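With CSV, N, CA and C atoms and all ligand atoms inside, this is start-v6.csv:
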```
chain,number,residue,atom,x,y,z
A,1,MET,N,60.5,-37.6,129.6
A,1,MET,CA,61.8,-37.8,130.3
A,1,MET,C,62.6,-36.6,130.5
A,2,LYS,N,62.4,-35.6,129.6
A,2,LYS,CA,63.2,-34.4,129.7
A,2,LYS,C,63.0,-33.7,131.0
A,3,ASN,N,64.1,-33.4,131.6
A,3,ASN,CA,64.1,-32.7,132.9
A,3,ASN,C,63.4,-33.4,134.0
A,4,GLU,N,63.2,-34.7,133.8
A,4,GLU,CA,62.6,-35.5,134.8
A,4,GLU,C,63.7,-35.9,135.9
A,5,GLU,N,63.4,-35.7,137.1
A,5,GLU,CA,64.4,-36.0,138.1
A,5,GLU,C,63.9,-37.3,138.9
A,6,ARG,N,64.9,-38.1,139.2
A,6,ARG,CA,64.5,-39.3,140.0
A,6,ARG,C,65.5,-39.4,141.2
A,7,LEU,N,65.0,-40.2,142.2
A,7,LEU,CA,65.8,-40.3,143.4
A,7,LEU,C,66.5,-41.7,143.3
A,8,CYS,N,67.8,-41.7,143.4
A,8,CYS,CA,68.5,-43.0,143.4
A,8,CYS,C,68.2,-43.7,144.7
A,9,PRO,N,67.7,-45.0,144.7
A,9,PRO,CA,67.3,-45.7,145.9
A,9,PRO,C,68.6,-46.1,146.7
A,10,TYR,N,69.7,-46.0,146.1
A,10,TYR,CA,70.9,-46.4,146.9
A,10,TYR,C,71.6,-45.2,147.5
A,11,CYS,N,72.0,-44.2,146.7
A,11,CYS,CA,72.7,-43.1,147.3
A,11,CYS,C,71.8,-41.9,147.7
A,12,GLN,N,70.5,-42.0,147.4
A,12,GLN,CA,69.5,-41.0,147.8
A,12,GLN,C,69.7,-39.7,147.1
A,13,GLU,N,70.5,-39.6,146.0
A,13,GLU,CA,70.8,-38.4,145.3
A,13,GLU,C,69.8,-38.4,144.1
A,14,THR,N,69.4,-37.2,143.7
A,14,THR,CA,68.5,-37.0,142.6
A,14,THR,C,69.4,-37.0,141.3
A,15,PHE,N,68.8,-37.6,140.3
A,15,PHE,CA,69.6,-37.6,139.0
A,15,PHE,C,68.6,-37.5,137.8
A,16,GLN,N,69.2,-37.2,136.6
A,16,GLN,CA,68.5,-37.2,135.4
A,16,GLN,C,68.6,-38.5,134.7
A,17,PRO,N,67.6,-39.3,134.6
A,17,PRO,CA,67.7,-40.6,133.9
A,17,PRO,C,68.0,-40.4,132.4
A,18,SER,N,68.9,-41.3,131.9
A,18,SER,CA,69.2,-41.2,130.5
A,18,SER,C,68.4,-42.3,129.7
A,19,ARG,N,67.8,-43.3,130.5
A,19,ARG,CA,66.9,-44.3,130.0
A,19,ARG,C,65.6,-44.3,130.7
A,20,LYS,N,64.6,-44.7,130.0
A,20,LYS,CA,63.2,-44.7,130.5
A,20,LYS,C,63.1,-45.6,131.8
A,21,ASN,N,63.8,-46.8,131.8
A,21,ASN,CA,63.7,-47.7,132.9
A,21,ASN,C,64.9,-47.6,133.9
A,22,GLN,N,65.6,-46.5,133.8
A,22,GLN,CA,66.7,-46.3,134.7
A,22,GLN,C,66.3,-46.1,136.2
A,23,ILE,N,66.7,-46.9,137.1
A,23,ILE,CA,66.4,-46.8,138.5
A,23,ILE,C,67.4,-46.2,139.3
A,24,TYR,N,68.7,-46.5,139.0
A,24,TYR,CA,69.8,-46.0,139.8
A,24,TYR,C,70.6,-44.9,139.0
A,25,CYS,N,71.3,-44.0,139.8
A,25,CYS,CA,72.0,-42.9,139.1
A,25,CYS,C,73.2,-43.5,138.4
A,26,SER,N,73.7,-44.6,138.8
A,26,SER,CA,74.9,-45.1,138.1
A,26,SER,C,75.0,-46.7,138.3
A,27,TYR,N,75.9,-47.3,137.5
A,27,TYR,CA,76.1,-48.7,137.6
A,27,TYR,C,76.6,-49.1,139.0
A,28,GLU,N,77.5,-48.2,139.5
A,28,GLU,CA,78.1,-48.4,140.8
A,28,GLU,C,77.0,-48.5,141.9
A,29,CYS,N,76.0,-47.6,141.8
A,29,CYS,CA,74.9,-47.7,142.8
A,29,CYS,C,74.1,-48.9,142.6
A,30,GLN,N,73.8,-49.3,141.3
A,30,GLN,CA,73.1,-50.5,141.1
A,30,GLN,C,73.7,-51.7,141.6
A,31,TYR,N,75.0,-51.9,141.4
A,31,TYR,CA,75.8,-53.1,141.8
A,31,TYR,C,75.9,-53.1,143.3
A,32,SER,N,76.2,-51.9,143.9
A,32,SER,CA,76.4,-51.8,145.4
A,32,SER,C,75.1,-52.2,146.1
A,33,HIS,N,73.9,-51.7,145.5
A,33,HIS,CA,72.7,-52.0,146.1
A,33,HIS,C,72.4,-53.5,146.0
A,34,TYR,N,72.6,-54.1,144.8
A,34,TYR,CA,72.4,-55.5,144.6
A,34,TYR,C,73.3,-56.3,145.6
A,35,ASN,N,74.6,-55.9,145.7
A,35,ASN,CA,75.5,-56.7,146.5
A,35,ASN,C,75.1,-56.6,148.0
A,36,GLU,N,74.6,-55.5,148.4
A,36,GLU,CA,74.2,-55.3,149.8
A,36,GLU,C,73.0,-56.2,150.1
A,37,ARG,N,72.0,-56.2,149.2
A,37,ARG,CA,70.8,-57.0,149.4
A,37,ARG,C,71.2,-58.5,149.4
A,38,LYS,N,72.1,-58.8,148.5
A,38,LYS,CA,72.5,-60.2,148.4
A,38,LYS,C,73.2,-60.6,149.8
A,39,ALA,N,74.0,-59.8,150.3
A,39,ALA,CA,74.7,-60.0,151.6
A,39,ALA,C,73.7,-60.2,152.7
A,40,LEU,N,72.6,-59.4,152.7
A,40,LEU,CA,71.6,-59.5,153.7
A,40,LEU,C,70.8,-60.8,153.6
A,41,ARG,N,70.5,-61.2,152.4
A,41,ARG,CA,69.8,-62.5,152.2
A,41,ARG,C,70.7,-63.6,152.7
A,42,ARG,N,72.0,-63.6,152.4
A,42,ARG,CA,73.0,-64.6,152.8
A,42,ARG,C,73.0,-64.6,154.4
A,43,GLU,N,73.0,-63.5,155.0
A,43,GLU,CA,73.0,-63.4,156.4
A,43,GLU,C,71.8,-64.1,157.0
A,44,GLU,N,70.6,-63.8,156.4
A,44,GLU,CA,69.3,-64.4,156.9
A,44,GLU,C,69.4,-65.9,156.7
A,45,ALA,N,69.9,-66.3,155.6
A,45,ALA,CA,70.0,-67.8,155.3
A,45,ALA,C,70.9,-68.4,156.3
A,46,GLN,N,72.0,-67.7,156.6
A,46,GLN,CA,73.0,-68.3,157.5
A,46,GLN,C,72.4,-68.5,158.9
A,47,LYS,N,71.5,-67.6,159.3
A,47,LYS,CA,70.8,-67.7,160.6
A,47,LYS,C,70.0,-69.0,160.7
A,48,THR,N,69.3,-69.2,159.6
A,48,THR,CA,68.5,-70.5,159.5
A,48,THR,C,69.3,-71.7,159.5
A,49,ILE,N,70.4,-71.7,158.7
A,49,ILE,CA,71.3,-72.8,158.6
A,49,ILE,C,71.9,-73.1,159.9
A,50,ASN,N,72.3,-72.1,160.7
A,50,ASN,CA,72.9,-72.3,162.0
A,50,ASN,C,71.9,-72.9,163.0
A,51,LYS,N,70.6,-72.6,162.9
A,51,LYS,CA,69.6,-73.2,163.7
A,51,LYS,C,69.5,-74.6,163.4
A,52,ILE,N,69.5,-74.9,162.1
A,52,ILE,CA,69.3,-76.3,161.6
A,52,ILE,C,70.5,-77.1,162.1
A,53,LEU,N,71.7,-76.6,162.0
A,53,LEU,CA,72.9,-77.2,162.5
A,53,LEU,C,72.9,-77.5,164.0
A,54,LYS,N,72.4,-76.5,164.7
A,54,LYS,CA,72.3,-76.7,166.2
A,54,LYS,C,71.3,-77.8,166.5
A,55,ASN,N,70.2,-77.8,165.8
A,55,ASN,CA,69.2,-78.9,166.0
A,55,ASN,C,69.8,-80.3,165.6
A,56,TRP,N,70.6,-80.3,164.6
A,56,TRP,CA,71.2,-81.6,164.2
A,56,TRP,C,72.2,-82.0,165.4
A,57,GLU,N,72.9,-81.1,165.9
A,57,GLU,CA,73.8,-81.4,167.0
A,57,GLU,C,73.1,-81.9,168.2
A,58,ALA,N,71.9,-81.3,168.5
A,58,ALA,CA,71.1,-81.7,169.7
A,58,ALA,C,70.6,-83.1,169.5
A,59,LEU,N,70.1,-83.4,168.3
A,59,LEU,CA,69.6,-84.8,168.0
A,59,LEU,C,70.8,-85.8,168.0
A,60,TYR,N,71.9,-85.4,167.4
A,60,TYR,CA,73.1,-86.3,167.4
A,60,TYR,C,73.5,-86.6,168.9
A,61,SER,N,73.5,-85.5,169.7
A,61,SER,CA,74.0,-85.7,171.1
A,61,SER,C,73.1,-86.7,171.8
A,62,VAL,N,71.8,-86.6,171.6
A,62,VAL,CA,70.8,-87.5,172.3
A,62,VAL,C,71.0,-88.9,171.7
A,63,MET,N,71.1,-89.0,170.4
A,63,MET,CA,71.2,-90.3,169.8
A,63,MET,C,72.5,-91.0,170.1
A,64,SER,N,73.6,-90.3,170.1
A,64,SER,CA,74.9,-90.9,170.4
A,64,SER,C,75.0,-91.5,171.8
A,65,LYS,N,74.2,-90.9,172.7
A,65,LYS,CA,74.1,-91.5,174.1
A,65,LYS,C,73.4,-92.8,174.1
A,66,ASN,N,72.7,-93.1,173.0
A,66,ASN,CA,71.9,-94.3,172.9
A,66,ASN,C,72.4,-95.2,171.7
A,67,GLN,N,73.7,-95.1,171.4
A,67,GLN,CA,74.4,-95.8,170.3
A,67,GLN,C,73.6,-95.7,169.0
A,68,LEU,N,73.0,-94.5,168.8
A,68,LEU,CA,72.3,-94.2,167.6
A,68,LEU,C,71.0,-95.1,167.3
A,69,ASN,N,70.6,-95.7,168.4
A,69,ASN,CA,69.3,-96.5,168.3
A,69,ASN,C,68.1,-95.5,168.5
A,70,ASP,N,67.0,-95.9,168.0
A,70,ASP,CA,65.8,-95.1,168.2
A,70,ASP,C,65.6,-94.8,169.7
A,71,CYS,N,65.2,-93.6,170.0
A,71,CYS,CA,65.0,-93.3,171.4
A,71,CYS,C,63.9,-92.2,171.5
A,72,THR,N,63.4,-92.0,172.7
A,72,THR,CA,62.4,-91.0,173.0
A,72,THR,C,62.9,-90.1,174.1
A,73,VAL,N,62.8,-88.8,173.8
A,73,VAL,CA,63.3,-87.8,174.8
A,73,VAL,C,62.2,-86.7,175.0
A,74,ASP,N,62.3,-86.1,176.1
A,74,ASP,CA,61.4,-85.0,176.4
A,74,ASP,C,61.9,-83.8,175.6
A,75,GLU,N,61.0,-83.0,175.2
A,75,GLU,CA,61.3,-81.8,174.4
A,75,GLU,C,62.3,-80.9,175.2
A,76,ALA,N,62.1,-80.9,176.5
A,76,ALA,CA,63.0,-80.0,177.4
A,76,ALA,C,64.4,-80.4,177.3
A,77,VAL,N,64.7,-81.7,177.1
A,77,VAL,CA,66.1,-82.1,176.9
A,77,VAL,C,66.7,-81.5,175.7
A,78,LEU,N,65.9,-81.6,174.6
A,78,LEU,CA,66.4,-81.0,173.3
A,78,LEU,C,66.6,-79.5,173.5
A,79,LEU,N,65.6,-78.8,174.1
A,79,LEU,CA,65.6,-77.4,174.2
A,79,LEU,C,66.9,-76.9,175.0
A,80,LYS,N,67.2,-77.7,176.0
A,80,LYS,CA,68.4,-77.4,176.8
A,80,LYS,C,69.7,-77.5,176.0
A,81,LYS,N,69.6,-78.3,174.9
A,81,LYS,CA,70.8,-78.5,174.1
A,81,LYS,C,70.8,-77.5,172.9
A,82,GLY,N,69.9,-76.5,173.0
A,82,GLY,CA,69.8,-75.5,172.0
A,82,GLY,C,68.9,-75.8,170.8
A,83,PHE,N,68.1,-76.8,170.9
A,83,PHE,CA,67.1,-77.1,169.8
A,83,PHE,C,66.1,-76.1,169.7
A,84,THR,N,65.8,-75.7,168.4
A,84,THR,CA,64.7,-74.8,168.1
A,84,THR,C,63.7,-75.5,167.2
A,85,PRO,N,62.5,-75.8,167.8
A,85,PRO,CA,61.5,-76.5,167.0
A,85,PRO,C,61.1,-75.7,165.7
A,86,GLY,N,60.9,-76.5,164.7
A,86,GLY,CA,60.5,-75.8,163.4
A,86,GLY,C,61.6,-75.7,162.4
A,87,TYR,N,62.9,-75.9,162.8
A,87,TYR,CA,64.0,-75.8,161.9
A,87,TYR,C,64.4,-77.2,161.5
A,88,ILE,N,64.0,-77.6,160.3
A,88,ILE,CA,64.2,-78.9,159.8
A,88,ILE,C,64.8,-78.9,158.3
A,89,THR,N,65.2,-80.0,157.8
A,89,THR,CA,65.7,-80.0,156.4
A,89,THR,C,64.6,-80.5,155.5
A,90,HIS,N,63.7,-81.4,156.0
A,90,HIS,CA,62.6,-81.9,155.2
A,90,HIS,C,61.6,-82.7,156.2
A,91,MET,N,60.5,-83.0,155.6
A,91,MET,CA,59.5,-83.7,156.4
A,91,MET,C,58.7,-84.7,155.6
A,92,GLY,N,58.1,-85.6,156.3
A,92,GLY,CA,57.3,-86.7,155.6
A,92,GLY,C,56.2,-87.1,156.4
A,93,ALA,N,55.6,-88.3,156.0
A,93,ALA,CA,54.5,-88.8,156.8
A,93,ALA,C,54.8,-90.3,157.1
A,94,ASP,N,54.5,-90.8,158.2
A,94,ASP,CA,54.7,-92.2,158.6
A,94,ASP,C,53.6,-93.0,157.8
A,95,PRO,N,54.1,-93.9,156.9
A,95,PRO,CA,53.1,-94.7,156.1
A,95,PRO,C,52.1,-95.5,157.0
A,96,ALA,N,52.5,-95.8,158.2
A,96,ALA,CA,51.6,-96.6,159.1
A,96,ALA,C,50.4,-95.8,159.5
A,97,ASP,N,50.6,-94.6,160.0
A,97,ASP,CA,49.5,-93.8,160.5
A,97,ASP,C,49.4,-92.4,160.0
A,98,GLN,N,50.2,-92.1,159.0
A,98,GLN,CA,50.2,-90.7,158.3
A,98,GLN,C,50.6,-89.6,159.3
A,99,SER,N,51.2,-89.9,160.4
A,99,SER,CA,51.6,-88.9,161.3
A,99,SER,C,52.9,-88.2,160.7
A,100,LYS,N,53.1,-86.9,161.1
A,100,LYS,CA,54.2,-86.2,160.5
A,100,LYS,C,55.5,-86.6,161.0
A,101,ILE,N,56.5,-86.7,160.1
A,101,ILE,CA,57.9,-87.0,160.5
A,101,ILE,C,58.7,-85.8,160.1
A,102,TYR,N,59.5,-85.3,161.1
A,102,TYR,CA,60.3,-84.1,160.8
A,102,TYR,C,61.8,-84.6,160.7
A,103,CYS,N,62.5,-84.1,159.8
A,103,CYS,CA,63.9,-84.6,159.6
A,103,CYS,C,64.9,-83.5,159.6
A,104,ILE,N,66.1,-83.7,160.1
A,104,ILE,CA,67.2,-82.9,160.0
A,104,ILE,C,68.3,-83.8,159.5
A,105,CYS,N,68.5,-83.8,158.2
A,105,CYS,CA,69.4,-84.7,157.5
A,105,CYS,C,69.0,-86.1,157.8
A,106,GLU,N,69.9,-86.9,158.4
A,106,GLU,CA,69.6,-88.4,158.6
A,106,GLU,C,68.8,-88.6,159.9
A,107,PHE,N,68.6,-87.6,160.8
A,107,PHE,CA,67.8,-87.8,162.0
A,107,PHE,C,66.4,-87.3,161.8
A,108,CYS,N,65.5,-88.2,162.1
A,108,CYS,CA,64.0,-87.9,162.0
A,108,CYS,C,63.3,-88.1,163.3
A,109,TYR,N,62.3,-87.3,163.5
A,109,TYR,CA,61.5,-87.5,164.7
A,109,TYR,C,60.0,-87.3,164.5
A,110,LYS,N,59.3,-87.9,165.4
A,110,LYS,CA,57.8,-87.7,165.5
A,110,LYS,C,57.6,-87.1,166.8
A,111,ILE,N,56.6,-86.2,166.9
A,111,ILE,CA,56.3,-85.5,168.1
A,111,ILE,C,55.0,-86.1,168.7
A,112,ASN,N,55.1,-86.5,170.0
A,112,ASN,CA,54.0,-87.1,170.7
A,112,ASN,C,53.8,-86.3,172.0
A,113,GLY,N,53.0,-85.3,171.9
A,113,GLY,CA,52.9,-84.4,173.1
A,113,GLY,C,54.2,-83.6,173.2
A,114,ARG,N,54.9,-83.8,174.4
A,114,ARG,CA,56.2,-83.2,174.6
A,114,ARG,C,57.3,-84.2,174.4
A,115,LYS,N,57.0,-85.4,173.9
A,115,LYS,CA,58.0,-86.4,173.7
A,115,LYS,C,58.4,-86.4,172.2
A,116,TYR,N,59.7,-86.6,172.0
A,116,TYR,CA,60.2,-86.7,170.6
A,116,TYR,C,60.7,-88.1,170.4
A,117,ASN,N,60.1,-88.8,169.4
A,117,ASN,CA,60.6,-90.2,169.1
A,117,ASN,C,61.6,-90.0,167.9
A,118,ILE,N,62.9,-90.2,168.3
A,118,ILE,CA,63.9,-89.9,167.3
A,118,ILE,C,64.5,-91.2,166.7
A,119,SER,N,64.8,-91.2,165.4
A,119,SER,CA,65.4,-92.3,164.8
A,119,SER,C,66.4,-91.8,163.8
A,120,LYS,N,67.4,-92.7,163.4
A,120,LYS,CA,68.3,-92.4,162.4
A,120,LYS,C,68.0,-93.1,161.2
A,121,VAL,N,67.8,-92.4,160.1
A,121,VAL,CA,67.5,-93.1,158.8
A,121,VAL,C,68.8,-93.4,158.1
A,122,GLU,N,68.9,-94.7,157.7
A,122,GLU,CA,70.1,-95.1,156.9
A,122,GLU,C,70.1,-94.5,155.5
A,123,LYS,N,71.2,-94.0,155.1
A,123,LYS,CA,71.3,-93.5,153.7
A,123,LYS,C,71.1,-94.6,152.7
A,124,ASP,N,70.4,-94.3,151.7
A,124,ASP,CA,70.2,-95.3,150.6
A,124,ASP,C,71.4,-95.2,149.7
A,125,GLU,N,72.2,-96.3,149.7
A,125,GLU,CA,73.5,-96.3,149.0
A,125,GLU,C,73.4,-96.7,147.5
A,126,SER,N,72.1,-97.0,147.1
A,126,SER,CA,72.0,-97.5,145.7
A,126,SER,C,72.2,-96.4,144.7
A,201,ZN,ZN,73.1,-43.4,143.3
```
So that I can check it, write out the structure of this file as C-alpha cells.
Amino acid sequence: MKNEERLCPYCQETFQPSRKNQIYCSYECQYSHYNERKALRREEAQKTINKILKNWEALYSVMSKNQLNDCTVDEAVLLKKGFTPGYITHMGADPADQSKIYCICEFCYKINGRKYNISKVEKDES
C-alpha cells in the first residue's frame, strides 16, 4: 500500500489510500457519489411510476365512460390516451383459461389481439 496511488471514482483525482479497501479520496466524495447514484435511481423509478400513472389514467378514462363496468376497447384508443403497454403494477392468470391478466392497481385487463378487455377489481375489505 505504500506509495500506492488510486484514482477517486468521484472527483477523478489521484490519492494515497490510508486503508486497504479505500475507494474514494474522502468521505465527501464517497457520500456525494452515493447521493448522485441514489438520485439517478430515483429519477429512473419516477419515469416508470409516471408511465404506470398515465396507464391508470387511460384505463380510468375508458372505464369511467362506461360507469366502471367491464368493457372492451381497441388498443389504439388507449394509446391515444398515452397508454404504454408493459407498464403494470402486477399480473395474474384467469383461473378459467389461464390467460394472462395485467393490472394497474384496481384496473385489470386481458389482451385479445388488439382488443383490451378491461375490468375493475373490487378491493377486498376483509
Ligand atoms: Zn475524490
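The binding environment of ligand ZN 201 (chain A), defined as every protein, DNA or RNA residue with an atom no more than 6.5 Å away and counting all atoms listed in the file, comprises A:Cys8, A:Pro9, A:Tyr10, A:Cys11, A:Gln12, A:Glu13, A:Tyr24, A:Cys25, A:Ser26, A:Cys29, A:Gln30.
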Report as a Markdown table the residues of region 19-70 of chain A within 8 Å of region 80-102 of chain A, each with its shortest atom pair and distance in Å (one decimal), using all atoms listed in the file, ordered by chain and increasing residue number.
```
| residue | atom | partner | partner_atom | distance |
| --- | --- | --- | --- | --- |
| A:Thr48 | C | A:Tyr87 | CA | 7.1 |
| A:Lys51 | C | A:Tyr87 | CA | 5.8 |
| A:Ile52 | CA | A:Tyr87 | C | 5.0 |
| A:Leu53 | N | A:Tyr87 | C | 7.3 |
| A:Lys54 | C | A:Gly82 | C | 5.3 |
| A:Asn55 | CA | A:Phe83 | CA | 4.7 |
| A:Trp56 | N | A:Phe83 | CA | 7.0 |
| A:Glu57 | C | A:Lys81 | C | 6.8 |
| A:Ala58 | CA | A:Lys81 | C | 5.3 |
| A:Leu59 | N | A:Phe83 | CA | 7.1 |
```
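Pairwise distance (CA of Ser119 (chain A), CA of Glu44 (chain A)) equals 29.3 Å.
You will find CA of Asp74 (chain A) at 6.2 Å from CA of Tyr116 (chain A).
Interatomic distance, atom C of Asn3 (chain A) to CA of Glu28 (chain A): 22.1 Å.
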Region 53-125 of chain A: residues DSSP assigns to helix (DSSP H, G or I), reported as a ChimeraX atom specification | /A:53-64,75-80
Check your understanding: Residues of region 37-78 of chain A in strand (DSSP E or B) according to DSSP, as a list in words?
Key -> Cys71, Thr72, Val73 and Asp74 of chain A
Suppose we keep N, CA and C atoms; can you now write the selection as a short mmCIF file (atom, residue, chain, number, x, y, z; two decimals), in the coordinates of the input?
```cif
data_model
loop_
_atom_site.label_atom_id
_atom_site.label_comp_id
_atom_site.auth_asym_id
_atom_site.auth_seq_id
_atom_site.Cartn_x
_atom_site.Cartn_y
_atom_site.Cartn_z
N CYS A 71 65.20 -93.60 170.00
CA CYS A 71 65.00 -93.30 171.40
C CYS A 71 63.90 -92.20 171.50
N THR A 72 63.40 -92.00 172.70
CA THR A 72 62.40 -91.00 173.00
C THR A 72 62.90 -90.10 174.10
N VAL A 73 62.80 -88.80 173.80
CA VAL A 73 63.30 -87.80 174.80
C VAL A 73 62.20 -86.70 175.00
N ASP A 74 62.30 -86.10 176.10
CA ASP A 74 61.40 -85.00 176.40
C ASP A 74 61.90 -83.80 175.60
#
```
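Remark: for Asn117 (chain A), the closest of the candidate residues A:Phe15, A:Leu78, A:Leu68, A:Val73 is A:Val73 (distances computed over all atoms listed in the file).
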Among A:Lys115, A:Tyr31, A:Lys47, A:Tyr60, Thr72 (chain A) is approached most closely, using all atoms listed in the file, by A:Lys115
